[in-house]
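The structure appears below as structure tokens.
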Amino acid sequence: MPSLSPGDASHTAVPHFSHISPGFPTASFQALTTLNYRWKRYILYISGRQLNILRSATELVQVLTFEDELVAIEAERSSDELGNGSGGIAVAGRTDVWILEPVTGQENRVSWRKGLVLKREDKEDAVRTLSWGNEGEVLVGGSKRLSLFSTIEGSRESSPVSSTTTLKELAEKTPLWTKELASPVAYAAFSPSASLIATTGVRDRLVKIWRRLSFEDALFDYAYLPHPGMVAHLEWRKPGPVQLETDDLGERRGSVYSVRHDDELEVLHTFCTDGVMRLWKTGSHQDLDILTLHTSVDLVGAIPSSPTLTNTDTGFPTSPARYAFLLTSGSLSSAITTALGKTALSKPTHAQEHLKELRTKYPDVVITLDGRGRMSAWGLTSPGQRQRRPSTPSKSASAGEVFHIAHTEDLGIRLEDGENARFECWVEGDDVNVLVHGFEGRVQWWKGGVEGLFSPGVFASERLIRVAGWGGVSEDVSGLSRSIEGDKIVAWTDRGSWQVVAGRDSREGGRRAAHHALDTKQQMPDPWCSIVATGRDNLAVIAFTAKYVACFDAHGKAVGARTRHSLDATSVRLLLLPLPRMRDERASGSVYLCYDRHGAWLTVLGPPKDHDQSTVRISAADTRHVTILDPEISSTQSWSHTRVVLHPRKPSWVRAVCVDGNGVVYRRDMSSTHFSGQGKPSEESGLMFHTGVKGATVFDAMASHAALVGEAENELVIVDLKDGFVEHRQALKARVRQAQFSTASSGIDRPRSLLAISYDESVDLMAEAHYEPHSEHLTWHHVKSISITGIGLVISSIAWTPEGQLAIAAGNSVFVASGVLIGNQLGAELRDRLDLSVAASAETAGLAQLLKQPLAIWHPHSLLHTSLRGHMHAAMEVLRKLEHKLRFFGEGDVLHPTFEQEPGRLTSKLLGASTGGLDLTTVSDLRAQLSTLDLPRISMAEQTELKHVFEAIAYVQEHVGSLDANALRYLFIWKLRTLQVSSVQSPPEAKLTTGDHTSVPTAPTMTYREILFATHSTTQQPLLELLVAHYTPLTPTTARTLGLSHWLREVHAPVSEGSALASLDQLFESLAQSAYRSVYPPDPAKAALYFLALRKKGTLLALWRVAVGNKEQRATVNFLKRDFAVEENRTAAKKNAYALMGKRRFEYAAAFFLLAGDCQSAVRLLAGQCEDIGLAVGVARCFAGDDSIVLRDLVEGTILPRARDEGNRWCMAWCHTVLQRPKDLAKALIAPMRVLRDGLKPRARYWQQDDPLTLTMYESLRAKAVKSGKKSERLGAVQWEYEAVLRSARILRRQGLLLQALELVKTWEFAPAGRHSPENVDDDEQHVNGIAERGKATSEIPSREEGQSDPLVATANRAAPPAKSLLDEFDDAVPPPTVPTPQGTAKGVRETKAAELLAKMKAKKAAAAGSTDGQVAVKEKPTQFDEPAASSILDSFGF
């Protein structure tokens, strides 16, 4: 049944394809027609059950699909040939006839839908031909009857019963009359006036003429036109187009020689097997004959150089095949007038003079061809038109005269020997359009100017140019198969037909793109489930049914015998195995690997070239043959999908990629002998990657990536097959039908980094880009959409062509999308990054390479990584050169990505000495340049980021002398994110307002990476002062986003520090005051948590006493007066805490837990319900101390498990820093993620989890270990250094930072492996795996920058004052007593003395600290709080 929908009304114009194959045209004389509707020409032809409506060579307007095979189609012609008719189309199957009506949607898009059903009573009367008459009449010629129907609404033969055989209730029409036929009709056609009907039977020598005596009743006169042979074709002369001319008065009038009059003659052309075309014309009303012979044209003799006889199998010579089409005098004159008008002002040429002479004769032109490239044009005076100037008969040819016009050799129109063909011709402007329907299965469209077509001296190639060639298969395409070399795309059906629809053969005018059907004499009649193409002539395809596999050559002939198999035939894929061969080894046949989605496989041994085809051998297929058999990575060996591709580096190896039902991707490399059995197989251990996708329904893989789509979430996931990173994760808009990567041709699986995702009516193309720091799992960019929405088809399969184009199969049709995209199809940012305009075009494959090209050294991501790596001087040097280049930079100039320097010199500059910072002039000039110029190779968003990075570098260089390297990293990232936040937020959102209406800038969120840098900094106090100076007053929100409670080293600062914020307790004091004043009137409840964490209950009580007007004042004051050393009061405090939790006042509830002395519950509440890890850490440290079990439980029980589960290396490293575990800290930084998450539920991995900057921190720790005199291998991570460096280099390369990756692998110095394993290190290192007692402060932490020649960083390290750190105990932990051995007695004595001396020093320091603070060291928890004097409280709060 046809598709009734006119298509989506909102659908825009279907994009033009580079080539389309709408389907195999039906071998019928009425399979092709044209329609002129609303001044647009549409081409219609039928293919199996499908009706194709085309507008141009590559634009398929609509496809209607029916349940039965179609046999004929005819479009209603407008009376004036200008497209002012009804636009109706009659389509016939074997038993049914439908009338299609045009529907106009938005943007004047025209489509057709089913309007009427012409009901025929005798179902055995097969329809053979259709013809339109006047007033909506349709003549249906069948095998038994000739029937006439009226399609006018409300006619006397309309049936009140609606049809239920279609998708929509449609009105039925019964025939006005029927006439029995003696034999099946071959042609039945109305004359243009509908007064005559011409019919002929199959293989008939007579043409029957029916003259209508009444248009109401079936009354006819009959006449017969005899022919000496079988009538091959007949057609009525078409009326010429109406040409409107302007007379002297300025009024428009019809052309005398082109407008039909009532008494104008009817002309019939008949073609007979004797090679003669005859013209029959009507006479006057007094003539006895209905039609009389006017003239005839010998088509065989019309081509002098073509053979006039041809031999047949019977031995008797016959006339050769001749083909012809006609141009009426009206169409010819119109074309000549247009052509001469274009060159009216130029000097006349010989061809133009020839056209002028031709126009004066007013001829009809018959163009005859022999199918081998020869063409001859002959003119004859048309009997159906009157002469325009009868007074000058000498200028016109005599009636019936035939004269020669033009002849040519080597014309492009060629047909197979004996091939039947039908022609359709029309004129548009001065162009002559010719449609050639070859019954071998192709439709060709040729076009040429009338001047070149009939010019005596024009080359044959310039007369007619091939516009399009259409073909395909006659049934729904079941799949597309790409050949081994990748130079052909084969479309195949389940009935065994196949055809090359894309590639070199399809582009050669369709001559070699023949339609093939498999020889099924030796095969089972079961439908074919899969056909894979090899591209070889001796073994073209390998076809699978549900039980058998067979091979066929290029002509569809079976090669060898069929063989039973046990594969899943619906998912079979093909791979040519790259077998290793010795130099002198004799050439053998190719070995093809056929495998299904479950991993089962078999091999087909093809014959060598020019050898006996019977040597084809098919190996026995067994379900035990699975591509991946590795007990170490899988025990089930059950795969949902499997792909086997060529190895990217090893010539004779393949890579098998599988996915199971849980979304786990397996990869294993093995030699091709694993499948062929030739030689000893070798293979590597498999790899396993988790994606988090459940029930993958769509899967594809190439050597470097795998893509899968889950059934439930409809989520696309792309996995890197080297490191297992999930590069892309995206929720899709609709259900995915297929995904396919693009690979290069010539049998080499080189990734093109293009992925096609097909839906029901559209395909999205995605291209691989760089890893971007700010992109959240979106590495692949959408670059193009290909849609067939509104056509009426559903996509069934896709395949990539060798040129990077995409072939799309839908119904009988195959669309080959152009490999060129327009700039407006890209997003604005991506288009700006690639420097493409909206109207610019680019190759899709080239665009994919542009997205992966290395970043320029002045790119913001490059400068960012260079600065954080510790090469701030190199970043400043790049900025100085950028400023110099931009001084004379103009629009259209080229800015070289490396400033025309060699990579070797650039890497050496990364390690070289600094040449100074950025002076004020450079800063101001570069700031102005970046604000006004549009730099190439980056988008506007990236240029804005470049300005931010530049401003951050300029800001950080001012503090190089006072901060160490780690503090500079923290400050650099903080400044950069502050600039980013300020540029994104609007002015009202950029600041927070406290209770006293003080504006505070919004602080950016600092991740655990920055927190770890600040934690290991030895200049925390000047860093904190810079932050506090920017955020005044310091609010709890600001402290939380900056992570202050995580990285502040000191909990209780000595009075001699002389800083308002030198420790965590001072920070909490400031936060308490800020929280207290955050609302008006001030609320002590908001500051309760901070005061009680500082154990200052008296201060909190004093604030409650002055909180006049607060409804909770009296109850809270009375409650705080209690002695919470008493268990009863502690229980009451806990009850209040639980009551507050019920009211969801969690922070206030945590304060009451602290009041009850239950710090553990308070911390859990803050970390759980409040989800504020920073506040929980700060409360645990202030209230219980760094060596408390509360902090240990929080880190080990909450933060560290969450970090391990998420794969957050920075958070794990911070946890081990707090827990005083240096070995675990180094392990967290560089160990593989599988080691860090050992024992946990597997999860998907992302490249952000392996940040290359972790090597910078690890290198700093290793340098500290070396400086302290201990072996670097004691960190316990030496065995992972090599893997970590290579992994980081690969990530940097994927980020586009090739220079930084080169610097890393070039300068990294691996620590020598020790003689002992990491488990056999000294006891002092094993002892520090816990929260140790706070001990003696060591010197500043050495970092990687201490050994480099950058004076800026060196100055920062020298200026950094020594201070205590959370890492103080890393190297100073006291080892446990050991039993001395005779060899180590002296060493033991020395160690004992050193331990005693160290203990005494620690005791003296603790006593000195206690006396300086004026406080007594607390050995046990206090029983009550000491309330300070009221005057001191008022002074502190400014009262």
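Numbering starts fresh at 1 for the residues of each chain in the structure tokens, the chains themselves are lettered A, B, ... in the order given, and ligands are numbered from 1 as they appear.
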### Message
So that I can check the surroundings of A:Leu721, please list as a list of chain:residue names every protein, DNA and RNA residue that reaches within 8 Å of it, counting only C-alpha atoms and ignoring chain neighbours fewer than 5 positions away.
### Response
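Here the answer would be A:Arg667, A:Ala703, A:Ser704, A:His705, A:Ala706.
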Take the selection from the previous step and output its residues with N, CA, C and O atoms, as an mmCIF file, in the first residue's frame.
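Written output follows (again.cif):
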data_model
loop_
_atom_site.group_PDB
_atom_site.id
_atom_site.type_symbol
_atom_site.label_atom_id
_atom_site.label_comp_id
_atom_site.auth_asym_id
_atom_site.auth_seq_id
_atom_site.Cartn_x
_atom_site.Cartn_y
_atom_site.Cartn_z
ATOM 1 N N ARG A 667 39.250 -6.664 24.265
ATOM 2 C CA ARG A 667 40.122 -6.485 23.112
ATOM 3 C C ARG A 667 41.272 -7.458 23.199
ATOM 4 O O ARG A 667 41.887 -7.618 24.260
ATOM 5 N N ALA A 703 40.200 -0.166 14.781
ATOM 6 C CA ALA A 703 41.390 -0.555 15.523
ATOM 7 C C ALA A 703 41.607 0.281 16.771
ATOM 8 O O ALA A 703 42.181 -0.199 17.745
ATOM 9 N N SER A 704 41.138 1.517 16.775
ATOM 10 C CA SER A 704 41.438 2.410 17.891
ATOM 11 C C SER A 704 40.261 2.704 18.789
ATOM 12 O O SER A 704 40.445 3.107 19.938
ATOM 13 N N HIS A 705 39.026 2.535 18.315
ATOM 14 C CA HIS A 705 37.858 2.914 19.090
ATOM 15 C C HIS A 705 36.749 1.890 18.908
ATOM 16 O O HIS A 705 36.710 1.153 17.921
ATOM 17 N N ALA A 706 35.850 1.878 19.867
ATOM 18 C CA ALA A 706 34.633 1.075 19.799
ATOM 19 C C ALA A 706 33.471 1.960 20.223
ATOM 20 O O ALA A 706 33.598 2.783 21.132
#
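For stretch 1087-1093 of chain A, the residues within 9 Å (counting only C-alpha atoms, excluding itself and residues fewer than 6 positions away along the chain) are A:Asp1065, A:Phe1068, A:Glu1069, A:Leu1071, A:Ala1072, A:Gln1073, A:Ser1074, A:Ala1075, A:Tyr1076, A:Arg1077, A:Thr1099, A:Leu1100, A:Glu1147, A:Tyr1148, A:Ala1149, A:Ala1150, A:Ala1151, A:Phe1152, A:Leu1154, A:Leu1155, A:Cys1159, A:Gly1178, A:Val1179, A:Ala1180, A:Arg1181, A:Cys1182, A:Phe1183, A:Ala1184.
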### Task
Find the residues near stretch 1101-1110 of chain A: any atom within 8 Å, counting only C-alpha atoms, skip ones fewer than 2 places away on the same chain, and give them as a count of residues only.
14
Find the spatial neighbours of stretch 279-293 of chain A, counting only C-alpha atoms, within a cut-off of 6 Å - ignore same-chain residues fewer than 5 positions away - and output them as a short mmCIF file (atom, residue, chain, number, x, y, z; two decimals) with C-alpha atoms, in the first residue's frame.
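Ended up saving to around09.cif:
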data_model
loop_
_atom_site.label_atom_id
_atom_site.label_comp_id
_atom_site.auth_asym_id
_atom_site.auth_seq_id
_atom_site.Cartn_x
_atom_site.Cartn_y
_atom_site.Cartn_z
CA LEU A 265 -4.52 16.97 -37.08
CA GLU A 266 -3.74 14.05 -34.79
CA VAL A 267 -0.42 12.35 -35.53
CA LEU A 268 0.58 8.83 -34.49
CA HIS A 269 4.12 7.47 -34.60
#
### Message
Residues near A:Arg564, anyone? I mean within 10 Å using only C-alpha atoms, not counting same-chain ones fewer than 5 positions away, as a count of residues only.
### Response
11
Leaving out stretch 727-744 of chain A and any residue of its chain fewer than 3 positions from it, which residues lie within 8 Å of it when counting only C-alpha atoms, given as a PDB file with N, CA and C atoms, in the first residue's frame?
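Once everything was written out, this is result.pdb:
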ATOM      1  N   GLY A 486      37.547  -1.909  -0.226  1.00  0.00           N
ATOM      2  CA  GLY A 486      36.816  -0.721   0.138  1.00  0.00           C
ATOM      3  C   GLY A 486      36.434   0.159  -1.024  1.00  0.00           C
ATOM      4  N   VAL A 698      23.545  -1.764  19.595  1.00  0.00           N
ATOM      5  CA  VAL A 698      24.280  -1.312  18.416  1.00  0.00           C
ATOM      6  C   VAL A 698      25.755  -1.255  18.797  1.00  0.00           C
ATOM      7  N   PHE A 699      26.606  -1.785  17.914  1.00  0.00           N
ATOM      8  CA  PHE A 699      28.034  -1.856  18.222  1.00  0.00           C
ATOM      9  C   PHE A 699      28.828  -1.799  16.926  1.00  0.00           C
ATOM     10  N   ASP A 700      29.946  -1.116  16.992  1.00  0.00           N
ATOM     11  CA  ASP A 700      30.910  -1.140  15.898  1.00  0.00           C
ATOM     12  C   ASP A 700      32.273  -0.785  16.477  1.00  0.00           C
ATOM     13  N   ALA A 701      33.310  -1.209  15.791  1.00  0.00           N
ATOM     14  CA  ALA A 701      34.665  -0.979  16.283  1.00  0.00           C
ATOM     15  C   ALA A 701      35.616  -0.876  15.123  1.00  0.00           C
ATOM     16  N   MET A 702      36.651  -0.073  15.325  1.00  0.00           N
ATOM     17  CA  MET A 702      37.811  -0.067  14.445  1.00  0.00           C
ATOM     18  C   MET A 702      39.034  -0.331  15.322  1.00  0.00           C
ATOM     19  N   ALA A 707      32.350   1.794  19.540  1.00  0.00           N
ATOM     20  CA  ALA A 707      31.142   2.570  19.841  1.00  0.00           C
ATOM     21  C   ALA A 707      29.997   1.611  20.110  1.00  0.00           C
ATOM     22  N   LEU A 708      29.222   1.877  21.134  1.00  0.00           N
ATOM     23  CA  LEU A 708      28.088   1.046  21.464  1.00  0.00           C
ATOM     24  C   LEU A 708      26.962   1.909  22.020  1.00  0.00           C
ATOM     25  N   VAL A 709      25.758   1.421  21.812  1.00  0.00           N
ATOM     26  CA  VAL A 709      24.564   2.118  22.258  1.00  0.00           C
ATOM     27  C   VAL A 709      23.747   1.155  23.079  1.00  0.00           C
ATOM     28  N   GLU A 713      19.004   3.123  28.107  1.00  0.00           N
ATOM     29  CA  GLU A 713      19.258   4.556  28.215  1.00  0.00           C
ATOM     30  C   GLU A 713      19.336   5.244  26.846  1.00  0.00           C
ATOM     31  N   ASN A 714      19.456   4.455  25.756  1.00  0.00           N
ATOM     32  CA  ASN A 714      19.647   5.032  24.417  1.00  0.00           C
ATOM     33  C   ASN A 714      20.804   6.022  24.451  1.00  0.00           C
ATOM     34  N   GLU A 715      21.927   5.552  24.973  1.00  0.00           N
ATOM     35  CA  GLU A 715      23.085   6.398  25.204  1.00  0.00           C
ATOM     36  C   GLU A 715      24.249   5.893  24.370  1.00  0.00           C
ATOM     37  N   LEU A 716      24.885   6.828  23.674  1.00  0.00           N
ATOM     38  CA  LEU A 716      26.055   6.499  22.857  1.00  0.00           C
ATOM     39  C   LEU A 716      27.308   6.606  23.705  1.00  0.00           C
ATOM     40  N   VAL A 717      28.140   5.575  23.650  1.00  0.00           N
ATOM     41  CA  VAL A 717      29.409   5.536  24.374  1.00  0.00           C
ATOM     42  C   VAL A 717      30.492   5.144  23.398  1.00  0.00           C
ATOM     43  N   ILE A 718      31.569   5.932  23.355  1.00  0.00           N
ATOM     44  CA  ILE A 718      32.723   5.658  22.502  1.00  0.00           C
ATOM     45  C   ILE A 718      33.923   5.417  23.404  1.00  0.00           C
ATOM     46  N   VAL A 719      34.586   4.280  23.224  1.00  0.00           N
ATOM     47  CA  VAL A 719      35.667   3.832  24.100  1.00  0.00           C
ATOM     48  C   VAL A 719      36.964   3.800  23.317  1.00  0.00           C
ATOM     49  N   ASP A 720      38.012   4.310  23.948  1.00  0.00           N
ATOM     50  CA  ASP A 720      39.350   4.192  23.398  1.00  0.00           C
ATOM     51  C   ASP A 720      39.888   2.797  23.717  1.00  0.00           C
ATOM     52  N   GLY A 747      42.417  -1.969   1.809  1.00  0.00           N
ATOM     53  CA  GLY A 747      42.634  -3.054   2.732  1.00  0.00           C
ATOM     54  C   GLY A 747      43.366  -2.695   3.993  1.00  0.00           C
ATOM     55  N   ILE A 748      43.575  -1.414   4.266  1.00  0.00           N
ATOM     56  CA  ILE A 748      44.291  -0.992   5.466  1.00  0.00           C
ATOM     57  C   ILE A 748      43.305  -0.311   6.395  1.00  0.00           C
ATOM     58  N   ASP A 749      43.214  -0.818   7.598  1.00  0.00           N
ATOM     59  CA  ASP A 749      42.241  -0.290   8.550  1.00  0.00           C
ATOM     60  C   ASP A 749      42.833   0.928   9.262  1.00  0.00           C
ATOM     61  N   ARG A 750      42.932   2.039   8.536  1.00  0.00           N
ATOM     62  CA  ARG A 750      43.403   3.284   9.140  1.00  0.00           C
ATOM     63  C   ARG A 750      42.198   4.100   9.558  1.00  0.00           C
ATOM     64  N   PRO A 751      42.130   4.502  10.777  1.00  0.00           N
ATOM     65  CA  PRO A 751      40.937   5.235  11.213  1.00  0.00           C
ATOM     66  C   PRO A 751      40.848   6.607  10.568  1.00  0.00           C
ATOM     67  N   ARG A 752      39.652   6.954  10.148  1.00  0.00           N
ATOM     68  CA  ARG A 752      39.401   8.295   9.634  1.00  0.00           C
ATOM     69  C   ARG A 752      38.786   9.168  10.708  1.00  0.00           C
ATOM     70  N   SER A 753      38.528   8.609  11.859  1.00  0.00           N
ATOM     71  CA  SER A 753      37.977   9.350  12.983  1.00  0.00           C
ATOM     72  C   SER A 753      36.614   9.932  12.652  1.00  0.00           C
ATOM     73  N   LEU A 754      35.804   9.192  11.899  1.00  0.00           N
ATOM     74  CA  LEU A 754      34.442   9.579  11.598  1.00  0.00           C
ATOM     75  C   LEU A 754      33.514   8.449  12.021  1.00  0.00           C
ATOM     76  N   LEU A 755      32.389   8.809  12.596  1.00  0.00           N
ATOM     77  CA  LEU A 755      31.408   7.827  13.062  1.00  0.00           C
ATOM     78  C   LEU A 755      30.042   8.259  12.569  1.00  0.00           C
ATOM     79  N   ALA A 756      29.326   7.327  11.957  1.00  0.00           N
ATOM     80  CA  ALA A 756      27.963   7.580  11.482  1.00  0.00           C
ATOM     81  C   ALA A 756      26.981   6.890  12.412  1.00  0.00           C
ATOM     82  N   ILE A 757      25.998   7.653  12.884  1.00  0.00           N
ATOM     83  CA  ILE A 757      24.940   7.135  13.747  1.00  0.00           C
ATOM     84  C   ILE A 757      23.636   7.275  12.979  1.00  0.00           C
ATOM     85  N   SER A 758      22.991   6.154  12.643  1.00  0.00           N
ATOM     86  CA  SER A 758      21.781   6.199  11.826  1.00  0.00           C
ATOM     87  C   SER A 758      20.557   5.974  12.700  1.00  0.00           C
ATOM     88  N   TYR A 759      19.526   6.765  12.398  1.00  0.00           N
ATOM     89  CA  TYR A 759      18.209   6.634  13.012  1.00  0.00           C
ATOM     90  C   TYR A 759      17.233   6.159  11.929  1.00  0.00           C
ATOM     91  N   ASP A 760      15.953   6.303  12.163  1.00  0.00           N
ATOM     92  CA  ASP A 760      14.976   5.847  11.181  1.00  0.00           C
ATOM     93  C   ASP A 760      15.021   6.685   9.908  1.00  0.00           C
ATOM     94  N   HIS A 777      33.084  14.670  28.992  1.00  0.00           N
ATOM     95  CA  HIS A 777      32.885  13.414  28.278  1.00  0.00           C
ATOM     96  C   HIS A 777      32.250  13.632  26.901  1.00  0.00           C
ATOM     97  N   LEU A 778      32.608  14.714  26.206  1.00  0.00           N
ATOM     98  CA  LEU A 778      32.108  14.973  24.861  1.00  0.00           C
ATOM     99  C   LEU A 778      33.303  15.282  23.962  1.00  0.00           C
ATOM    100  N   THR A 779      34.011  14.227  23.578  1.00  0.00           N
ATOM    101  CA  THR A 779      35.208  14.387  22.761  1.00  0.00           C
ATOM    102  C   THR A 779      34.885  14.386  21.279  1.00  0.00           C
ATOM    103  N   TRP A 780      33.802  13.732  20.877  1.00  0.00           N
ATOM    104  CA  TRP A 780      33.428  13.650  19.463  1.00  0.00           C
ATOM    105  C   TRP A 780      32.373  14.712  19.174  1.00  0.00           C
ATOM    106  N   SER A 796      17.602   1.400   6.429  1.00  0.00           N
ATOM    107  CA  SER A 796      17.830   0.003   6.803  1.00  0.00           C
ATOM    108  C   SER A 796      19.302  -0.321   7.015  1.00  0.00           C
ATOM    109  N   SER A 797      20.216   0.414   6.349  1.00  0.00           N
ATOM    110  CA  SER A 797      21.633   0.097   6.486  1.00  0.00           C
ATOM    111  C   SER A 797      22.453   1.291   6.024  1.00  0.00           C
ATOM    112  N   ILE A 798      23.699   1.371   6.507  1.00  0.00           N
ATOM    113  CA  ILE A 798      24.634   2.410   6.084  1.00  0.00           C
ATOM    114  C   ILE A 798      25.997   1.768   5.850  1.00  0.00           C
ATOM    115  N   ALA A 799      26.809   2.419   5.033  1.00  0.00           N
ATOM    116  CA  ALA A 799      28.176   1.951   4.764  1.00  0.00           C
ATOM    117  C   ALA A 799      28.983   3.126   4.242  1.00  0.00           C
ATOM    118  N   TRP A 800      30.274   3.141   4.573  1.00  0.00           N
ATOM    119  CA  TRP A 800      31.174   4.204   4.141  1.00  0.00           C
ATOM    120  C   TRP A 800      31.796   3.847   2.805  1.00  0.00           C
ATOM    121  N   PRO A 802      34.888   4.607  -0.143  1.00  0.00           N
ATOM    122  CA  PRO A 802      36.329   4.864   0.018  1.00  0.00           C
ATOM    123  C   PRO A 802      36.679   6.341   0.061  1.00  0.00           C
ATOM    124  N   GLY A 804      35.165   8.592   1.722  1.00  0.00           N
ATOM    125  CA  GLY A 804      34.656   9.205   2.936  1.00  0.00           C
ATOM    126  C   GLY A 804      33.217   9.642   2.827  1.00  0.00           C
ATOM    127  N   TYR A1246      37.594   7.412  32.619  1.00  0.00           N
ATOM    128  CA  TYR A1246      37.663   8.639  31.824  1.00  0.00           C
ATOM    129  C   TYR A1246      39.085   9.177  31.884  1.00  0.00           C
ATOM    130  N   TRP A1247      39.453   9.903  30.844  1.00  0.00           N
ATOM    131  CA  TRP A1247      40.830  10.381  30.770  1.00  0.00           C
ATOM    132  C   TRP A1247      41.122  11.390  31.868  1.00  0.00           C
TER     133      TRP A1247
END
### Task
Rounded to one decimal place, report the atom CA of A:Asn134-atom CA of A:Lys173 distance in Å.
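Atom CA of A:Lys173 lies at a distance of 16.8 Å from atom CA of A:Asn134.
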### Query
In stretch 1164-1325 of chain A, what's helix (DSSP H, G or I) per DSSP? Answer as number ranges by chain?
A: 1164-1167, 1173-1184, 1189-1206, 1209-1218, 1222-1230, 1233-1236, 1247-1250, 1254-1267, 1272-1275, 1278-1294, 1298-1307, 1318-1320, 1323-1325
### Task
Enter the distance from atom CA of A:Tyr222 to atom CA of A:Leu176, in Å, rounded to one decimal.
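So the two atoms, atom CA of A:Tyr222 and atom CA of A:Leu176, lie 19.5 Å apart.
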### Query
Between A:Glu137, A:Glu235, A:Glu684, A:Glu180, which one has atoms that come closest to A:Phe215, using only C-alpha atoms?
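The answer is A:Glu137, which sits nearest to A:Phe215.
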### Query
How many Å lie between atom CA of A:Val185 and atom CA of A:Ser147, rounded to one decimal?
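Taking atom CA of A:Val185 as the start and atom CA of A:Ser147 as the end point, the length is 11.8 Å.
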